[in-house]
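This is coords_29.cif (mmCIF, N, CA and C atoms).
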data_run
#
loop_
_atom_site.group_PDB
_atom_site.id
_atom_site.type_symbol
_atom_site.label_atom_id
_atom_site.label_comp_id
_atom_site.auth_asym_id
_atom_site.auth_seq_id
_atom_site.Cartn_x
_atom_site.Cartn_y
_atom_site.Cartn_z
ATOM 1 N N TYR A 1 52.601 -76.802 -10.140
ATOM 2 C CA TYR A 1 53.955 -76.280 -10.139
ATOM 3 C C TYR A 1 54.986 -77.376 -9.903
ATOM 4 N N ASN A 2 54.630 -78.372 -9.085
ATOM 5 C CA ASN A 2 55.617 -79.420 -8.771
ATOM 6 C C ASN A 2 56.030 -80.205 -10.006
ATOM 7 N N LEU A 3 55.084 -80.519 -10.868
ATOM 8 C CA LEU A 3 55.387 -81.268 -12.082
ATOM 9 C C LEU A 3 56.208 -80.416 -13.044
ATOM 10 N N LYS A 4 55.860 -79.136 -13.141
ATOM 11 C CA LYS A 4 56.580 -78.220 -14.021
ATOM 12 C C LYS A 4 58.045 -78.095 -13.581
ATOM 13 N N ILE A 5 58.261 -78.025 -12.282
ATOM 14 C CA ILE A 5 59.623 -77.921 -11.740
ATOM 15 C C ILE A 5 60.412 -79.191 -12.057
ATOM 16 N N ARG A 6 59.808 -80.353 -11.800
ATOM 17 C CA ARG A 6 60.511 -81.616 -12.038
ATOM 18 C C ARG A 6 60.834 -81.793 -13.524
ATOM 19 N N GLN A 7 59.868 -81.485 -14.386
ATOM 20 C CA GLN A 7 60.092 -81.643 -15.824
ATOM 21 C C GLN A 7 61.197 -80.705 -16.313
ATOM 22 N N ALA A 8 61.202 -79.469 -15.825
ATOM 23 C CA ALA A 8 62.235 -78.507 -16.234
ATOM 24 C C ALA A 8 63.605 -78.956 -15.739
ATOM 25 N N ARG A 9 63.658 -79.467 -14.512
ATOM 26 C CA ARG A 9 64.925 -79.948 -13.954
ATOM 27 C C ARG A 9 65.457 -81.117 -14.768
ATOM 28 N N GLU A 10 64.585 -82.059 -15.077
ATOM 29 C CA GLU A 10 64.994 -83.233 -15.855
ATOM 30 C C GLU A 10 65.405 -82.837 -17.276
ATOM 31 N N LYS A 11 64.709 -81.872 -17.849
ATOM 32 C CA LYS A 11 65.031 -81.406 -19.200
ATOM 33 C C LYS A 11 66.454 -80.849 -19.253
ATOM 34 N N LEU A 12 66.877 -80.208 -18.163
ATOM 35 C CA LEU A 12 68.228 -79.661 -18.081
ATOM 36 C C LEU A 12 69.251 -80.706 -17.647
ATOM 37 N N GLY A 13 68.775 -81.926 -17.370
ATOM 38 C CA GLY A 13 69.680 -83.001 -16.978
ATOM 39 C C GLY A 13 70.244 -82.851 -15.576
ATOM 40 N N LEU A 14 69.488 -82.183 -14.708
ATOM 41 C CA LEU A 14 69.951 -81.969 -13.338
ATOM 42 C C LEU A 14 69.291 -82.942 -12.371
ATOM 43 N N SER A 15 70.064 -83.411 -11.406
ATOM 44 C CA SER A 15 69.485 -84.199 -10.320
ATOM 45 C C SER A 15 68.942 -83.224 -9.278
ATOM 46 N N GLN A 16 68.171 -83.744 -8.335
ATOM 47 C CA GLN A 16 67.673 -82.893 -7.252
ATOM 48 C C GLN A 16 68.844 -82.323 -6.454
ATOM 49 N N GLU A 17 69.881 -83.115 -6.283
ATOM 50 C CA GLU A 17 71.067 -82.665 -5.550
ATOM 51 C C GLU A 17 71.759 -81.515 -6.286
ATOM 52 N N GLN A 18 71.910 -81.665 -7.608
ATOM 53 C CA GLN A 18 72.567 -80.626 -8.401
ATOM 54 C C GLN A 18 71.768 -79.326 -8.382
ATOM 55 N N LEU A 19 70.457 -79.439 -8.524
ATOM 56 C CA LEU A 19 69.611 -78.246 -8.492
ATOM 57 C C LEU A 19 69.684 -77.592 -7.117
ATOM 58 N N GLY A 20 69.684 -78.398 -6.074
ATOM 59 C CA GLY A 20 69.810 -77.867 -4.722
ATOM 60 C C GLY A 20 71.085 -77.062 -4.557
ATOM 61 N N LYS A 21 72.194 -77.573 -5.079
ATOM 62 C CA LYS A 21 73.467 -76.849 -4.987
ATOM 63 C C LYS A 21 73.410 -75.533 -5.761
ATOM 64 N N LEU A 22 72.816 -75.557 -6.948
ATOM 65 C CA LEU A 22 72.693 -74.338 -7.755
ATOM 66 C C LEU A 22 71.885 -73.262 -7.031
ATOM 67 N N LEU A 23 70.870 -73.712 -6.298
ATOM 68 C CA LEU A 23 69.971 -72.785 -5.615
ATOM 69 C C LEU A 23 70.424 -72.483 -4.193
ATOM 70 N N ASN A 24 71.494 -73.146 -3.757
ATOM 71 C CA ASN A 24 71.953 -73.031 -2.374
ATOM 72 C C ASN A 24 70.865 -73.505 -1.410
ATOM 73 N N GLU A 25 70.227 -74.609 -1.785
ATOM 74 C CA GLU A 25 69.180 -75.226 -0.976
ATOM 75 C C GLU A 25 69.532 -76.691 -0.776
ATOM 76 N N LYS A 26 68.993 -77.288 0.280
ATOM 77 C CA LYS A 26 69.217 -78.709 0.517
ATOM 78 C C LYS A 26 68.439 -79.524 -0.516
ATOM 79 N N PRO A 27 69.011 -80.647 -0.952
ATOM 80 C CA PRO A 27 68.277 -81.510 -1.896
ATOM 81 C C PRO A 27 66.913 -81.933 -1.357
ATOM 82 N N SER A 28 66.796 -82.058 -0.031
ATOM 83 C CA SER A 28 65.517 -82.462 0.561
ATOM 84 C C SER A 28 64.433 -81.412 0.303
ATOM 85 N N VAL A 29 64.826 -80.140 0.195
ATOM 86 C CA VAL A 29 63.861 -79.076 -0.105
ATOM 87 C C VAL A 29 63.326 -79.261 -1.522
ATOM 88 N N ILE A 30 64.223 -79.554 -2.461
ATOM 89 C CA ILE A 30 63.806 -79.786 -3.855
ATOM 90 C C ILE A 30 62.878 -80.993 -3.914
ATOM 91 N N LYS A 31 63.245 -82.037 -3.207
ATOM 92 C CA LYS A 31 62.430 -83.260 -3.189
ATOM 93 C C LYS A 31 61.030 -82.979 -2.634
ATOM 94 N N MET A 32 60.960 -82.198 -1.558
ATOM 95 C CA MET A 32 59.652 -81.898 -0.958
ATOM 96 C C MET A 32 58.807 -81.017 -1.873
ATOM 97 N N VAL A 33 59.445 -80.073 -2.571
ATOM 98 C CA VAL A 33 58.706 -79.225 -3.505
ATOM 99 C C VAL A 33 58.141 -80.077 -4.640
ATOM 100 N N GLU A 34 58.970 -80.961 -5.184
ATOM 101 C CA GLU A 34 58.536 -81.804 -6.307
ATOM 102 C C GLU A 34 57.471 -82.815 -5.897
ATOM 103 N N SER A 35 57.422 -83.182 -4.624
ATOM 104 C CA SER A 35 56.415 -84.145 -4.168
ATOM 105 C C SER A 35 55.214 -83.447 -3.518
ATOM 106 N N LYS A 36 55.126 -82.136 -3.682
ATOM 107 C CA LYS A 36 54.013 -81.319 -3.168
ATOM 108 C C LYS A 36 53.930 -81.289 -1.650
ATOM 109 N N LYS A 37 55.005 -81.643 -0.959
ATOM 110 C CA LYS A 37 55.001 -81.601 0.501
ATOM 111 C C LYS A 37 55.409 -80.222 1.011
ATOM 112 N N LEU A 38 55.937 -79.396 0.111
ATOM 113 C CA LEU A 38 56.371 -78.053 0.472
ATOM 114 C C LEU A 38 56.032 -77.109 -0.666
ATOM 115 N N LYS A 39 55.346 -76.035 -0.327
ATOM 116 C CA LYS A 39 55.061 -75.002 -1.330
ATOM 117 C C LYS A 39 56.186 -73.975 -1.240
ATOM 118 N N PRO A 40 56.887 -73.724 -2.349
ATOM 119 C CA PRO A 40 58.017 -72.794 -2.286
ATOM 120 C C PRO A 40 57.566 -71.372 -1.961
ATOM 121 N N ASP A 41 58.356 -70.690 -1.126
ATOM 122 C CA ASP A 41 58.068 -69.289 -0.849
ATOM 123 C C ASP A 41 58.500 -68.448 -2.053
ATOM 124 N N VAL A 42 58.284 -67.148 -1.969
ATOM 125 C CA VAL A 42 58.577 -66.267 -3.105
ATOM 126 C C VAL A 42 60.055 -66.324 -3.484
ATOM 127 N N THR A 43 60.931 -66.329 -2.489
ATOM 128 C CA THR A 43 62.373 -66.352 -2.755
ATOM 129 C C THR A 43 62.768 -67.626 -3.494
ATOM 130 N N LEU A 44 62.318 -68.770 -3.006
ATOM 131 C CA LEU A 44 62.642 -70.043 -3.647
ATOM 132 C C LEU A 44 62.011 -70.121 -5.034
ATOM 133 N N THR A 45 60.791 -69.623 -5.167
ATOM 134 C CA THR A 45 60.119 -69.625 -6.468
ATOM 135 C C THR A 45 60.931 -68.841 -7.492
ATOM 136 N N ARG A 46 61.423 -67.672 -7.094
ATOM 137 C CA ARG A 46 62.227 -66.855 -8.016
ATOM 138 C C ARG A 46 63.535 -67.556 -8.381
ATOM 139 N N LYS A 47 64.163 -68.220 -7.415
ATOM 140 C CA LYS A 47 65.406 -68.943 -7.710
ATOM 141 C C LYS A 47 65.134 -70.098 -8.671
ATOM 142 N N LEU A 48 64.033 -70.811 -8.459
ATOM 143 C CA LEU A 48 63.668 -71.911 -9.356
ATOM 144 C C LEU A 48 63.395 -71.385 -10.760
ATOM 145 N N MET A 49 62.659 -70.291 -10.857
ATOM 146 C CA MET A 49 62.342 -69.716 -12.159
ATOM 147 C C MET A 49 63.610 -69.300 -12.888
ATOM 148 N N HIS A 50 64.548 -68.715 -12.163
ATOM 149 C CA HIS A 50 65.789 -68.249 -12.783
ATOM 150 C C HIS A 50 66.644 -69.419 -13.270
ATOM 151 N N GLU A 51 66.872 -70.404 -12.420
ATOM 152 C CA GLU A 51 67.745 -71.532 -12.786
ATOM 153 C C GLU A 51 67.116 -72.441 -13.833
ATOM 154 N N LEU A 52 65.811 -72.684 -13.723
ATOM 155 C CA LEU A 52 65.142 -73.613 -14.636
ATOM 156 C C LEU A 52 64.575 -72.909 -15.868
ATOM 157 N N LYS A 53 64.627 -71.575 -15.860
ATOM 158 C CA LYS A 53 64.123 -70.773 -16.981
ATOM 159 C C LYS A 53 62.658 -71.093 -17.304
ATOM 160 N N ILE A 54 61.850 -71.081 -16.237
ATOM 161 C CA ILE A 54 60.414 -71.322 -16.376
ATOM 162 C C ILE A 54 59.666 -70.242 -15.599
ATOM 163 N N ASN A 55 58.378 -70.089 -15.890
ATOM 164 C CA ASN A 55 57.539 -69.154 -15.153
ATOM 165 C C ASN A 55 56.621 -69.952 -14.234
ATOM 166 N N LEU A 56 56.665 -69.635 -12.960
ATOM 167 C CA LEU A 56 55.803 -70.319 -11.989
ATOM 168 C C LEU A 56 54.757 -69.385 -11.405
ATOM 169 N N LEU A 57 54.790 -68.136 -11.817
ATOM 170 C CA LEU A 57 53.840 -67.167 -11.286
ATOM 171 C C LEU A 57 52.704 -66.966 -12.272
ATOM 172 N N VAL A 58 51.500 -66.773 -11.748
ATOM 173 C CA VAL A 58 50.342 -66.493 -12.596
ATOM 174 C C VAL A 58 49.803 -65.129 -12.207
ATOM 175 N N SER A 59 49.223 -64.454 -13.164
ATOM 176 C CA SER A 59 48.665 -63.132 -12.895
ATOM 177 C C SER A 59 47.350 -63.268 -12.140
ATOM 178 N N LEU A 60 46.948 -62.194 -11.498
ATOM 179 C CA LEU A 60 45.693 -62.191 -10.755
ATOM 180 C C LEU A 60 44.514 -62.470 -11.670
ATOM 181 N N SER A 61 44.554 -61.940 -12.895
ATOM 182 C CA SER A 61 43.447 -62.167 -13.828
ATOM 183 C C SER A 61 43.333 -63.646 -14.195
ATOM 184 N N GLU A 62 44.477 -64.345 -14.284
ATOM 185 C CA GLU A 62 44.438 -65.781 -14.577
ATOM 186 C C GLU A 62 43.829 -66.546 -13.408
ATOM 187 N N LEU A 63 44.170 -66.143 -12.181
ATOM 188 C CA LEU A 63 43.623 -66.803 -10.999
ATOM 189 C C LEU A 63 42.113 -66.615 -10.903
ATOM 190 N N GLU A 64 41.653 -65.456 -11.304
ATOM 191 C CA GLU A 64 40.225 -65.158 -11.227
ATOM 192 C C GLU A 64 39.459 -65.714 -12.417
ATOM 193 N N GLY A 65 40.163 -66.332 -13.344
ATOM 194 C CA GLY A 65 39.503 -66.910 -14.504
ATOM 195 C C GLY A 65 39.174 -65.897 -15.581
ATOM 196 N N GLY A 66 39.757 -64.717 -15.438
ATOM 197 C CA GLY A 66 39.507 -63.664 -16.416
ATOM 198 C C GLY A 66 40.362 -63.835 -17.648
ATOM 199 N N ARG A 67 40.060 -63.021 -18.634
ATOM 200 C CA ARG A 67 40.870 -63.044 -19.862
ATOM 201 C C ARG A 67 42.121 -62.211 -19.644
ATOM 202 N N PRO A 68 43.176 -62.544 -20.357
ATOM 203 C CA PRO A 68 44.397 -61.724 -20.276
ATOM 204 C C PRO A 68 44.092 -60.295 -20.708
ATOM 205 N N THR A 69 44.775 -59.335 -20.113
ATOM 206 C CA THR A 69 44.531 -57.949 -20.471
ATOM 207 C C THR A 69 44.963 -57.689 -21.906
ATOM 208 N N GLY A 70 44.288 -56.758 -22.529
ATOM 209 C CA GLY A 70 44.625 -56.386 -23.892
ATOM 210 C C GLY A 70 43.858 -57.166 -24.946
ATOM 211 N N ILE A 71 42.951 -58.037 -24.519
ATOM 212 C CA ILE A 71 42.187 -58.821 -25.510
ATOM 213 C C ILE A 71 40.722 -58.395 -25.456
#
Show the structure stored in the file as structure tokens.
Amino acid sequence: YNLKIRQAREKLGLSQEQLGKLLNEKPSVIKMVESKKLKPDVTLTRKLMHELKINLLVSLSELEGGRPTGI
């Protein structure tokens, strides 16, 4: 997730400081998430997904190594 967040942020041309302001979070929080020192909670994950327009959540079937439903 940390790499996906950093790549999405860079793709949008945002600095860690700018993303922090958009999310109403300190830039240090963004830095820690991107360096894997902090795992984002559900609230922060949803804010990141909304601002960066990415999906960071996986379904239970994906976690268990199962096939996606409907196949």
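For the atom pair formed by atom C of Gln16 in chain A and CA of Ile30 in chain A, the distance is 6.2 Å, given to one decimal.
As for CA of Met32 in chain A and CA of Ser61 in chain A, they are spaced 28.6 Å apart.
Of the listed residues (A:Leu38, A:Leu63, A:Leu3, A:Leu48), A:Leu48 comes nearest to Gly20 in chain A; the distances count only C-alpha atoms.
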*Excluding Leu12 in chain A and any residue of its chain fewer than 6 positions from it, enumerate the residues within 12 Å of it, using only C-alpha atoms, and give them as a ChimeraX atom specification.*
/A:5-6,18-19,51-54
Selected residues written out, N, CA and C atoms, as an mmCIF file, in the frame of the given file:
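The resulting file, result-v4.cif, is shown below:
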data_model
loop_
_atom_site.group_PDB
_atom_site.id
_atom_site.type_symbol
_atom_site.label_atom_id
_atom_site.label_comp_id
_atom_site.auth_asym_id
_atom_site.auth_seq_id
_atom_site.Cartn_x
_atom_site.Cartn_y
_atom_site.Cartn_z
ATOM 1 N N ILE A 5 58.261 -78.025 -12.282
ATOM 2 C CA ILE A 5 59.623 -77.921 -11.740
ATOM 3 C C ILE A 5 60.412 -79.191 -12.057
ATOM 4 N N ARG A 6 59.808 -80.353 -11.800
ATOM 5 C CA ARG A 6 60.511 -81.616 -12.038
ATOM 6 C C ARG A 6 60.834 -81.793 -13.524
ATOM 7 N N GLN A 18 71.910 -81.665 -7.608
ATOM 8 C CA GLN A 18 72.567 -80.626 -8.401
ATOM 9 C C GLN A 18 71.768 -79.326 -8.382
ATOM 10 N N LEU A 19 70.457 -79.439 -8.524
ATOM 11 C CA LEU A 19 69.611 -78.246 -8.492
ATOM 12 C C LEU A 19 69.684 -77.592 -7.117
ATOM 13 N N GLU A 51 66.872 -70.404 -12.420
ATOM 14 C CA GLU A 51 67.745 -71.532 -12.786
ATOM 15 C C GLU A 51 67.116 -72.441 -13.833
ATOM 16 N N LEU A 52 65.811 -72.684 -13.723
ATOM 17 C CA LEU A 52 65.142 -73.613 -14.636
ATOM 18 C C LEU A 52 64.575 -72.909 -15.868
ATOM 19 N N LYS A 53 64.627 -71.575 -15.860
ATOM 20 C CA LYS A 53 64.123 -70.773 -16.981
ATOM 21 C C LYS A 53 62.658 -71.093 -17.304
ATOM 22 N N ILE A 54 61.850 -71.081 -16.237
ATOM 23 C CA ILE A 54 60.414 -71.322 -16.376
ATOM 24 C C ILE A 54 59.666 -70.242 -15.599
#
*Would you please give, as a ChimeraX atom specification, all residues of range 11-70 of chain A that DSSP assigns to alpha helix (DSSP H) based on the backbone?*
/A:11,16-23,27-34,42-52,60-63
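Coordinates place CA of Ser59 in chain A at a distance of 22.6 Å from atom N of Val33 in chain A.
Between Leu22 in chain A and the residues A:Lys36, A:Gly65, A:Lys47, A:Val42, the shortest atom-to-atom distance, using only C-alpha atoms, involves A:Lys47.
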